[in-house]
>>> print(open('structure_28.pdb').read())   # PDB, C-alpha atoms
ATOM      1  CA  MET P   1      51.182 -18.383  23.639  1.00  0.00           C
ATOM      2  CA  ASP P   2      47.895 -19.733  24.965  1.00  0.00           C
ATOM      3  CA  GLU P   3      44.457 -18.698  23.675  1.00  0.00           C
ATOM      4  CA  ARG P   4      43.851 -16.244  26.534  1.00  0.00           C
ATOM      5  CA  GLU P   5      47.057 -14.396  25.783  1.00  0.00           C
ATOM      6  CA  ILE P   6      46.342 -14.322  22.048  1.00  0.00           C
ATOM      7  CA  LEU P   7      42.883 -12.874  22.686  1.00  0.00           C
ATOM      8  CA  ALA P   8      44.164 -10.271  25.152  1.00  0.00           C
ATOM      9  CA  ARG P   9      46.940  -9.210  22.798  1.00  0.00           C
ATOM     10  CA  GLU P  10      44.422  -8.768  19.974  1.00  0.00           C
ATOM     11  CA  TRP P  11      42.446  -6.370  22.186  1.00  0.00           C
ATOM     12  CA  PHE P  12      45.650  -4.604  23.219  1.00  0.00           C
ATOM     13  CA  ASP P  13      46.712  -4.182  19.573  1.00  0.00           C
ATOM     14  CA  ARG P  14      43.410  -2.436  18.858  1.00  0.00           C
ATOM     15  CA  GLY P  15      43.880  -0.306  21.965  1.00  0.00           C
ATOM     16  CA  ASP P  16      47.357   0.653  20.782  1.00  0.00           C
ATOM     17  CA  ASN P  17      45.885   1.747  17.457  1.00  0.00           C
ATOM     18  CA  ASP P  18      43.411   3.960  19.304  1.00  0.00           C
ATOM     19  CA  LEU P  19      46.140   5.500  21.442  1.00  0.00           C
ATOM     20  CA  ARG P  20      48.330   6.185  18.416  1.00  0.00           C
ATOM     21  CA  SER P  21      45.343   7.721  16.629  1.00  0.00           C
ATOM     22  CA  ALA P  22      44.649  10.047  19.564  1.00  0.00           C
ATOM     23  CA  GLN P  23      48.293  11.075  19.751  1.00  0.00           C
ATOM     24  CA  HIS P  24      48.468  11.716  16.013  1.00  0.00           C
ATOM     25  CA  LEU P  25      45.218  13.690  15.893  1.00  0.00           C
ATOM     26  CA  LEU P  26      46.560  15.965  18.620  1.00  0.00           C
ATOM     27  CA  THR P  27      49.410  17.018  16.292  1.00  0.00           C
ATOM     28  CA  MET P  28      47.015  18.310  13.625  1.00  0.00           C
ATOM     29  CA  PRO P  29      46.299  21.985  13.181  1.00  0.00           C
ATOM     30  CA  ASP P  30      42.861  22.623  14.704  1.00  0.00           C
ATOM     31  CA  PRO P  31      42.601  19.021  15.994  1.00  0.00           C
ATOM     32  CA  PRO P  32      39.226  17.269  16.334  1.00  0.00           C
ATOM     33  CA  TYR P  33      39.215  17.153  20.124  1.00  0.00           C
ATOM     34  CA  GLU P  34      36.101  14.979  20.468  1.00  0.00           C
ATOM     35  CA  ASN P  35      37.790  12.323  18.304  1.00  0.00           C
ATOM     36  CA  ILE P  36      40.939  12.469  20.407  1.00  0.00           C
ATOM     37  CA  GLY P  37      38.915  11.882  23.556  1.00  0.00           C
ATOM     38  CA  PHE P  38      37.056   9.027  21.881  1.00  0.00           C
ATOM     39  CA  HIS P  39      40.253   7.234  20.871  1.00  0.00           C
ATOM     40  CA  ALA P  40      41.790   7.731  24.328  1.00  0.00           C
ATOM     41  CA  GLN P  41      38.667   6.256  25.934  1.00  0.00           C
ATOM     42  CA  GLN P  42      38.698   3.357  23.482  1.00  0.00           C
ATOM     43  CA  CYS P  43      42.327   2.579  24.309  1.00  0.00           C
ATOM     44  CA  ALA P  44      41.529   2.341  28.013  1.00  0.00           C
ATOM     45  CA  GLU P  45      38.381   0.312  27.348  1.00  0.00           C
ATOM     46  CA  LYS P  46      40.161  -2.208  25.124  1.00  0.00           C
ATOM     47  CA  TYR P  47      42.991  -2.688  27.617  1.00  0.00           C
ATOM     48  CA  LEU P  48      40.537  -3.258  30.456  1.00  0.00           C
ATOM     49  CA  LYS P  49      38.440  -5.665  28.378  1.00  0.00           C
ATOM     50  CA  GLY P  50      41.549  -7.538  27.238  1.00  0.00           C
ATOM     51  CA  PHE P  51      42.626  -7.862  30.872  1.00  0.00           C
ATOM     52  CA  LEU P  52      39.218  -9.216  31.874  1.00  0.00           C
ATOM     53  CA  LEU P  53      39.110 -11.665  28.975  1.00  0.00           C
ATOM     54  CA  TYR P  54      42.599 -12.903  29.842  1.00  0.00           C
ATOM     55  CA  HIS P  55      41.320 -13.707  33.324  1.00  0.00           C
ATOM     56  CA  GLY P  56      38.135 -15.336  32.037  1.00  0.00           C
ATOM     57  CA  ILE P  57      35.885 -12.596  33.396  1.00  0.00           C
ATOM     58  CA  ARG P  58      32.762 -11.961  31.345  1.00  0.00           C
ATOM     59  CA  PHE P  59      31.377  -8.469  30.945  1.00  0.00           C
ATOM     60  CA  GLU P  60      28.430  -6.682  29.389  1.00  0.00           C
ATOM     61  CA  TRP P  61      29.151  -4.846  26.148  1.00  0.00           C
ATOM     62  CA  ARG P  62      29.066  -1.274  27.340  1.00  0.00           C
ATOM     63  CA  HIS P  63      31.480   1.643  27.427  1.00  0.00           C
ATOM     64  CA  ASP P  64      31.607   2.258  31.185  1.00  0.00           C
ATOM     65  CA  LEU P  65      35.223   2.145  32.348  1.00  0.00           C
ATOM     66  CA  SER P  66      34.358   2.176  36.071  1.00  0.00           C
ATOM     67  CA  TYR P  67      32.220  -0.915  35.498  1.00  0.00           C
ATOM     68  CA  LEU P  68      35.172  -2.672  33.848  1.00  0.00           C
ATOM     69  CA  ILE P  69      37.504  -1.624  36.661  1.00  0.00           C
ATOM     70  CA  ASP P  70      35.052  -2.970  39.244  1.00  0.00           C
ATOM     71  CA  LEU P  71      35.011  -6.314  37.427  1.00  0.00           C
ATOM     72  CA  SER P  72      38.818  -6.457  37.644  1.00  0.00           C
ATOM     73  CA  LEU P  73      38.901  -6.077  41.445  1.00  0.00           C
ATOM     74  CA  PRO P  74      38.758  -9.822  42.246  1.00  0.00           C
ATOM     75  CA  VAL P  75      41.996 -10.156  40.254  1.00  0.00           C
ATOM     76  CA  THR P  76      43.743  -7.002  41.432  1.00  0.00           C
ATOM     77  CA  GLU P  77      42.902  -3.983  43.553  1.00  0.00           C
ATOM     78  CA  LYS P  78      45.573  -1.948  41.770  1.00  0.00           C
ATOM     79  CA  LEU P  79      43.301  -0.842  38.937  1.00  0.00           C
ATOM     80  CA  ALA P  80      40.841   0.705  41.430  1.00  0.00           C
ATOM     81  CA  ARG P  81      43.029   3.822  41.554  1.00  0.00           C
ATOM     82  CA  PHE P  82      41.825   4.635  38.025  1.00  0.00           C
ATOM     83  CA  ARG P  83      38.129   4.761  38.907  1.00  0.00           C
ATOM     84  CA  GLU P  84      37.978   8.564  39.202  1.00  0.00           C
ATOM     85  CA  ASP P  85      40.065   9.098  36.066  1.00  0.00           C
ATOM     86  CA  SER P  86      37.946   6.592  34.183  1.00  0.00           C
ATOM     87  CA  ASP P  87      34.873   8.672  34.976  1.00  0.00           C
ATOM     88  CA  LEU P  88      36.509  11.493  33.017  1.00  0.00           C
ATOM     89  CA  LEU P  89      37.073   9.246  29.985  1.00  0.00           C
ATOM     90  CA  THR P  90      33.793   7.315  29.859  1.00  0.00           C
ATOM     91  CA  PRO P  91      31.683  10.164  28.401  1.00  0.00           C
ATOM     92  CA  TYR P  92      34.020  10.396  25.389  1.00  0.00           C
ATOM     93  CA  ALA P  93      32.751   6.984  24.225  1.00  0.00           C
ATOM     94  CA  VAL P  94      29.281   8.133  23.233  1.00  0.00           C
ATOM     95  CA  GLU P  95      27.938  11.280  24.871  1.00  0.00           C
ATOM     96  CA  PHE P  96      30.442  13.755  23.464  1.00  0.00           C
ATOM     97  CA  ARG P  97      30.659  12.423  19.928  1.00  0.00           C
ATOM     98  CA  TYR P  98      27.474  13.843  18.471  1.00  0.00           C
ATOM     99  CA  PRO P  99      26.565  17.353  17.311  1.00  0.00           C
ATOM    100  CA  ASP P 100      23.963  17.919  20.016  1.00  0.00           C
ATOM    101  CA  SER P 101      26.552  17.530  22.769  1.00  0.00           C
ATOM    102  CA  PRO P 102      26.995  20.742  24.750  1.00  0.00           C
ATOM    103  CA  ALA P 103      30.585  19.867  25.601  1.00  0.00           C
ATOM    104  CA  GLU P 104      33.616  21.526  24.095  1.00  0.00           C
ATOM    105  CA  PHE P 105      37.099  20.283  24.790  1.00  0.00           C
ATOM    106  CA  SER P 106      40.428  21.922  25.238  1.00  0.00           C
ATOM    107  CA  ARG P 107      43.836  20.718  24.212  1.00  0.00           C
ATOM    108  CA  GLU P 108      44.653  20.239  27.908  1.00  0.00           C
ATOM    109  CA  GLU P 109      41.643  17.960  28.422  1.00  0.00           C
ATOM    110  CA  CYS P 110      42.680  15.843  25.457  1.00  0.00           C
ATOM    111  CA  GLU P 111      46.254  15.638  26.706  1.00  0.00           C
ATOM    112  CA  GLN P 112      44.861  14.522  30.067  1.00  0.00           C
ATOM    113  CA  ALA P 113      42.699  11.877  28.356  1.00  0.00           C
ATOM    114  CA  ILE P 114      45.758  10.510  26.547  1.00  0.00           C
ATOM    115  CA  ARG P 115      47.741  10.447  29.817  1.00  0.00           C
ATOM    116  CA  ILE P 116      44.946   8.536  31.578  1.00  0.00           C
ATOM    117  CA  ALA P 117      44.632   6.004  28.747  1.00  0.00           C
ATOM    118  CA  SER P 118      48.411   5.513  28.707  1.00  0.00           C
ATOM    119  CA  ALA P 119      48.482   5.008  32.481  1.00  0.00           C
ATOM    120  CA  ILE P 120      45.685   2.420  32.342  1.00  0.00           C
ATOM    121  CA  LYS P 121      47.498   0.619  29.524  1.00  0.00           C
ATOM    122  CA  GLU P 122      50.740   0.573  31.524  1.00  0.00           C
ATOM    123  CA  ALA P 123      48.989  -0.636  34.687  1.00  0.00           C
ATOM    124  CA  VAL P 124      47.245  -3.483  32.843  1.00  0.00           C
ATOM    125  CA  LEU P 125      50.493  -4.622  31.241  1.00  0.00           C
ATOM    126  CA  ASN P 126      52.281  -4.424  34.609  1.00  0.00           C
ATOM    127  CA  GLU P 127      49.567  -6.520  36.254  1.00  0.00           C
ATOM    128  CA  LEU P 128      50.023  -9.160  33.569  1.00  0.00           C
ATOM    129  CA  GLY P 129      53.814  -8.948  33.837  1.00  0.00           C
ATOM    130  CA  TRP P 130      54.064  -8.114  30.126  1.00  0.00           C
ATOM    131  CA  VAL P 131      56.359  -5.094  30.345  1.00  0.00           C
TER     132      VAL P 131
END
>>> encode(input="structure_28.pdb", output="structure tokens")
Amino acid sequence: MDEREILAREWFDRGDNDLRSAQHLLTMPDPPYENIGFHAQQCAEKYLKGFLLYHGIRFEWRHDLSYLIDLSLPVTEKLARFREDSDLLTPYAVEFRYPDSPAEFSREECEQAIRIASAIKEAVLNELGWV
């Protein structure tokens, strides 16, 4: 395994932990929906950042998934299909995590967030040929 692959896999391992956390939290009675959304967003973010790092693409340290997808376009156009979905996940990173947030989430929205994160993960791994 070369250094790029090691680095990407480290990011992916962290993303997997976030996805598992989101899935587990959803099974709790009265689940903390804002935390589920956060972990789903973090999974997608870590997979996109791992993909970019694997390809030697530098990025600013921010939580904007559309920005990360745009940076991936010189490598593959296939991740562009997630731009709209990523706009649903991005606010979970910061905006919705604090008490003054007006947002309230439903179980369905959290299930959707997990589906989006899982789809981004799968697409990244497919692009790398690691499935």
>>> closest_atom_pairs(input="structure_28.pdb", of="range 56-86 of chain P", to="range 37-43 of chain P", cutoff="10 Å", atoms="only C-alpha atoms", output="Markdown table")
| residue | atom | partner | partner_atom | distance |
| --- | --- | --- | --- | --- |
| P:His63 | CA | P:Gln42 | CA | 8.4 |
| P:Asp64 | CA | P:Gln41 | CA | 9.7 |
| P:Leu65 | CA | P:Gln41 | CA | 8.4 |
| P:Ser86 | CA | P:Gln41 | CA | 8.3 |
>>> resolve_selection(input="structure_28.pdb", expression="the PyMOL selection byres ((chain P and resi 18) around 10)", output="list in words")
Phe12, Asp13, Arg14, Gly15, Asp16, Asn17, Leu19, Arg20, Ser21, Ala22, Gln23, His24, Ile36, Phe38, His39, Ala40, Gln41, Gln42, Cys43, Ala44, Lys46 and Ala117 of chain P
>>> atom_distance(input="structure_28.pdb", atom1="CA of Phe51 in chain P", atom2="CA of Glu111 in chain P")
24.1 Å
>>> residues_near_point(input="structure_28.pdb", point="(39.5, -6.9, 39.8)", cutoff="12 Å", atoms="only C-alpha atoms", output="JSON list (two decimals) with C-alpha atoms, in the coordinates of the input")
[["chain", "number", "residue", "atom", "x", "y", "z"],
["P", 48, "LEU", "CA", 40.54, -3.26, 30.46],
["P", 49, "LYS", "CA", 38.44, -5.66, 28.38],
["P", 51, "PHE", "CA", 42.63, -7.86, 30.87],
["P", 52, "LEU", "CA", 39.22, -9.22, 31.87],
["P", 53, "LEU", "CA", 39.11, -11.66, 28.98],
["P", 55, "HIS", "CA", 41.32, -13.71, 33.32],
["P", 56, "GLY", "CA", 38.14, -15.34, 32.04],
["P", 57, "ILE", "CA", 35.88, -12.60, 33.40],
["P", 58, "ARG", "CA", 32.76, -11.96, 31.34],
["P", 66, "SER", "CA", 34.36, 2.18, 36.07],
["P", 67, "TYR", "CA", 32.22, -0.92, 35.50],
["P", 68, "LEU", "CA", 35.17, -2.67, 33.85],
["P", 69, "ILE", "CA", 37.50, -1.62, 36.66],
["P", 70, "ASP", "CA", 35.05, -2.97, 39.24],
["P", 71, "LEU", "CA", 35.01, -6.31, 37.43],
["P", 72, "SER", "CA", 38.82, -6.46, 37.64],
["P", 73, "LEU", "CA", 38.90, -6.08, 41.44],
["P", 74, "PRO", "CA", 38.76, -9.82, 42.25],
["P", 75, "VAL", "CA", 42.00, -10.16, 40.25],
["P", 76, "THR", "CA", 43.74, -7.00, 41.43],
["P", 77, "GLU", "CA", 42.90, -3.98, 43.55],
["P", 78, "LYS", "CA", 45.57, -1.95, 41.77],
["P", 79, "LEU", "CA", 43.30, -0.84, 38.94],
["P", 80, "ALA", "CA", 40.84, 0.70, 41.43],
["P", 81, "ARG", "CA", 43.03, 3.82, 41.55],
["P", 82, "PHE", "CA", 41.82, 4.64, 38.02],
["P", 83, "ARG", "CA", 38.13, 4.76, 38.91],
["P", 124, "VAL", "CA", 47.24, -3.48, 32.84],
["P", 127, "GLU", "CA", 49.57, -6.52, 36.25]]
>>> closest_residue(input="structure_28.pdb", among="P:Leu88, P:Asp100, P:Tyr47, P:Arg107", to="Glu122 in chain P", atoms="only C-alpha atoms")
P:Tyr47
>>> closest_residue(input="structure_28.pdb", among="P:Arg62, P:Phe105, P:Leu128, P:Ala113", to="Asp30 in chain P", atoms="all atoms listed in the file")
P:Phe105
>>> atom_distance(input="structure_28.pdb", atom1="CA of Leu125 in chain P", atom2="CA of Arg4 in chain P")
14.2 Å
>>> atom_distance(input="structure_28.pdb", atom1="CA of Ser118 in chain P", atom2="CA of Met28 in chain P")
19.8 Å
>>> axis_aligned_box(input="structure_28.pdb", around="range 47-57 of chain P", padding_each_side="5 Å", output="JSON")
{"center_x": 39.4, "center_y": -9.0, "center_z": 30.3, "size_x": 17.1, "size_y": 22.6, "size_z": 16.2}
>>> closest_residue(input="structure_28.pdb", among="P:Arg115, P:Pro29, P:Asn35, P:Gly50", to="Glu10 in chain P", atoms="all atoms listed in the file")
P:Gly50
>>> build_atoms(input="structure_28.pdb", residues="range 73-85 of chain P", atoms="N, CA and C atoms", output="CSV table (one decimal), keeping the file's coordinate frame")
chain,number,residue,atom,x,y,z
P,73,LEU,N,38.5,-6.1,40.0
P,73,LEU,CA,38.9,-6.1,41.4
P,73,LEU,C,39.1,-7.4,42.1
P,74,PRO,N,38.4,-8.5,41.7
P,74,PRO,CA,38.8,-9.8,42.2
P,74,PRO,C,40.2,-10.3,41.8
P,75,VAL,N,40.7,-9.8,40.7
P,75,VAL,CA,42.0,-10.2,40.3
P,75,VAL,C,43.1,-9.3,40.9
P,76,THR,N,42.8,-8.0,40.9
P,76,THR,CA,43.7,-7.0,41.4
P,76,THR,C,43.0,-5.8,41.9
P,77,GLU,N,43.4,-5.2,43.0
P,77,GLU,CA,42.9,-4.0,43.6
P,77,GLU,C,43.6,-2.8,42.9
P,78,LYS,N,44.7,-3.0,42.3
P,78,LYS,CA,45.6,-1.9,41.8
P,78,LYS,C,44.9,-1.1,40.7
P,79,LEU,N,44.0,-1.6,40.0
P,79,LEU,CA,43.3,-0.8,38.9
P,79,LEU,C,42.2,0.1,39.5
P,80,ALA,N,41.9,-0.1,40.8
P,80,ALA,CA,40.8,0.7,41.4
P,80,ALA,C,41.3,2.2,41.5
P,81,ARG,N,42.5,2.4,41.5
P,81,ARG,CA,43.0,3.8,41.6
P,81,ARG,C,42.7,4.6,40.3
P,82,PHE,N,42.2,3.9,39.3
P,82,PHE,CA,41.8,4.6,38.0
P,82,PHE,C,40.3,4.9,37.9
P,83,ARG,N,39.6,4.6,39.0
P,83,ARG,CA,38.1,4.8,38.9
P,83,ARG,C,37.7,6.2,38.6
P,84,GLU,N,38.3,7.1,39.4
P,84,GLU,CA,38.0,8.6,39.2
P,84,GLU,C,38.4,9.1,37.8
P,85,ASP,N,39.6,8.7,37.4
P,85,ASP,CA,40.1,9.1,36.1
P,85,ASP,C,39.2,8.5,35.0
